Amino acid sequence: MNRMFHCEGDVFVKRSLLLIGVILGLVLIFPLRPFSSIPLIPRVSASLSMPNPAYTFKANINGWNFSQSSGTNPTISTAFLFPGQTLTAMSSSTDSLTHSLAYYQPGTPSNQVSQFDTCAPGNTCLASVIMDPTTTVTLQFAFSSAQTFELYCQFHPLSMHAKVFVNQTPDISADHIVNIVDLTRVGIAFGSTPTSSNWNPNADLNRDNTTNILDLVSVAVNFGRTV
Ligand SMILES: [Cu+2]
């Protein structure tokens with residue numbers, strides 16, 4: 001009898017978590033976009049805009065965004081950046097030197113970065129743009145997988161090395177729309193880690209080996225998007 005009660009308790013806890021997850025998700029979605037004409041409120045950083053993320057880099061030989069509030073050589077991380085999503089990077093030189101902004105494959109060390117690299121999807125260098133001391137440049141690029149990519153200046157790779165963190169897609173069910181199905185999948189996996197019976201690696205959007213409120217928020221803030 002006790003054992004039976006225990007099992008029912010587990011089911012009750014799981015159902016409660018799922019319900020809490022869905023309610024939290026709905027609460028997060030509706031205050032954010034009560035009408036389709038009102039854009040989503042940026043929640044990650046003041047320098048990020050919606051719907052596609054944008055980021056400004058101040059190139060300096062002492063490091064990306066040296067002395068800026070975002071920190072020197074930051075890891076760019078936003079719930080709005082996932083595979084296929086275009087990241088807009090704007091950059092200008094702050095020290096009258098010529099720099100470049102270049103994305104490299106995850107794990108590429110600085111000694112494999114050169115201004116002579118040919119950058120293209122599939123290469124070690126994925127995309128790049130050169131800025132002279134007076135111009136502002138824009139680079140738009142869509143990362144193809146949920147990994148942490150390297151961001152180098154090809155002229156100063158030792159000091160100018162930041163990272164770009166790409167989340168897993170919020171379209172967990174792969175039906176090209178972020179909706180209640182995806183929210184529910186996070187709800188089912190809520191609280192799980194890789195050894196849990198309800199673990200779903202696709203529901204761990206921020207790749208931190210636990211499915212929690214952060215993953216729920218990632219789905220919620222992208223709710224309704226076609227991807
Ligand atoms: Cu540089």
# chains A, B, ... in the order shown; residues from 1 in each chain; ligands from 1

call {"tool": "residues_near_ligand", "arguments": {"ligand": "ligand 1", "cutoff": "7 Å", "atoms": "only C-alpha atoms and all ligand atoms", "output": "JSON, numbers by chain"}}
result
{"A": [59, 60, 61, 98, 99, 100, 153, 154, 155, 156, 160]}

call {"tool": "residues_around", "arguments": {"residues": "Phe82 in chain A", "least_positions_apart": "4", "cutoff": "7 Å", "atoms": "only C-alpha atoms", "output": "list in words"}}
result
Ala146, Val166, Asn167, Gln168 and Thr169 of chain A

call {"tool": "closest_residue", "arguments": {"among": "A:Asn52, A:Ser128, A:Thr148, A:Thr118", "to": "Tyr103 in chain A", "atoms": "only C-alpha atoms"}}
result
A:Ser128

call {"tool": "closest_atom_pairs", "arguments": {"of": "range 66-156 of chain A", "to": "range 200-224 of chain A", "cutoff": "12 Å", "atoms": "only C-alpha atoms", "output": "CSV"}}
result
residue,atom,partner,partner_atom,distance
A:Ser77,CA,A:Asn206,CA,9.3
A:Thr78,CA,A:Ser218,CA,8.9
A:Ala79,CA,A:Ser218,CA,5.3
A:Phe80,CA,A:Asn222,CA,7.1
A:Leu81,CA,A:Ser218,CA,9.8
A:Phe82,CA,A:Leu205,CA,8.9
A:Pro83,CA,A:Leu205,CA,11.3
A:Gln85,CA,A:Asn222,CA,11.5
A:Ala146,CA,A:Arg207,CA,8.5
A:Gln147,CA,A:Arg207,CA,8.8
A:Thr148,CA,A:Arg207,CA,10.1

call {"tool": "write_last_selection", "arguments": {"atoms": "C-alpha atoms", "output": "tab-separated table (two decimals), in the first residue's frame"}}
result
chain	number	residue	atom	x	y	z
A	77	SER	CA	25.02	33.79	-26.00
A	78	THR	CA	21.38	34.43	-26.75
A	79	ALA	CA	18.22	32.32	-26.75
A	80	PHE	CA	17.53	33.64	-30.24
A	81	LEU	CA	20.60	32.11	-31.86
A	82	PHE	CA	20.15	28.54	-33.07
A	83	PRO	CA	21.11	26.67	-36.25
A	85	GLN	CA	19.28	31.70	-37.46
A	146	ALA	CA	24.48	23.87	-32.15
A	147	GLN	CA	28.08	24.21	-31.01
A	148	THR	CA	30.37	26.89	-29.62

call {"tool": "residues_around", "arguments": {"residues": "Gln112 in chain A", "least_positions_apart": "3", "cutoff": "10 Å", "atoms": "only C-alpha atoms", "output": "number ranges by chain"}}
result
A: 104, 108-109, 117, 124-125, 154, 157

call {"tool": "write_last_selection", "arguments": {"atoms": "C-alpha atoms", "output": "PDB file, in the first residue's frame"}}
result
ATOM      1  CA  TYR A 104      36.066  29.458 -37.133  1.00  0.00           C
ATOM      2  CA  THR A 108      40.184  25.876 -33.757  1.00  0.00           C
ATOM      3  CA  PRO A 109      43.341  27.067 -31.917  1.00  0.00           C
ATOM      4  CA  ASP A 117      42.646  31.515 -44.788  1.00  0.00           C
ATOM      5  CA  THR A 124      38.023  25.769 -40.923  1.00  0.00           C
ATOM      6  CA  CYS A 125      37.265  29.457 -41.393  1.00  0.00           C
ATOM      7  CA  GLN A 154      42.808  36.961 -38.308  1.00  0.00           C
ATOM      8  CA  PRO A 157      44.288  35.806 -33.135  1.00  0.00           C
TER       9      PRO A 157
END
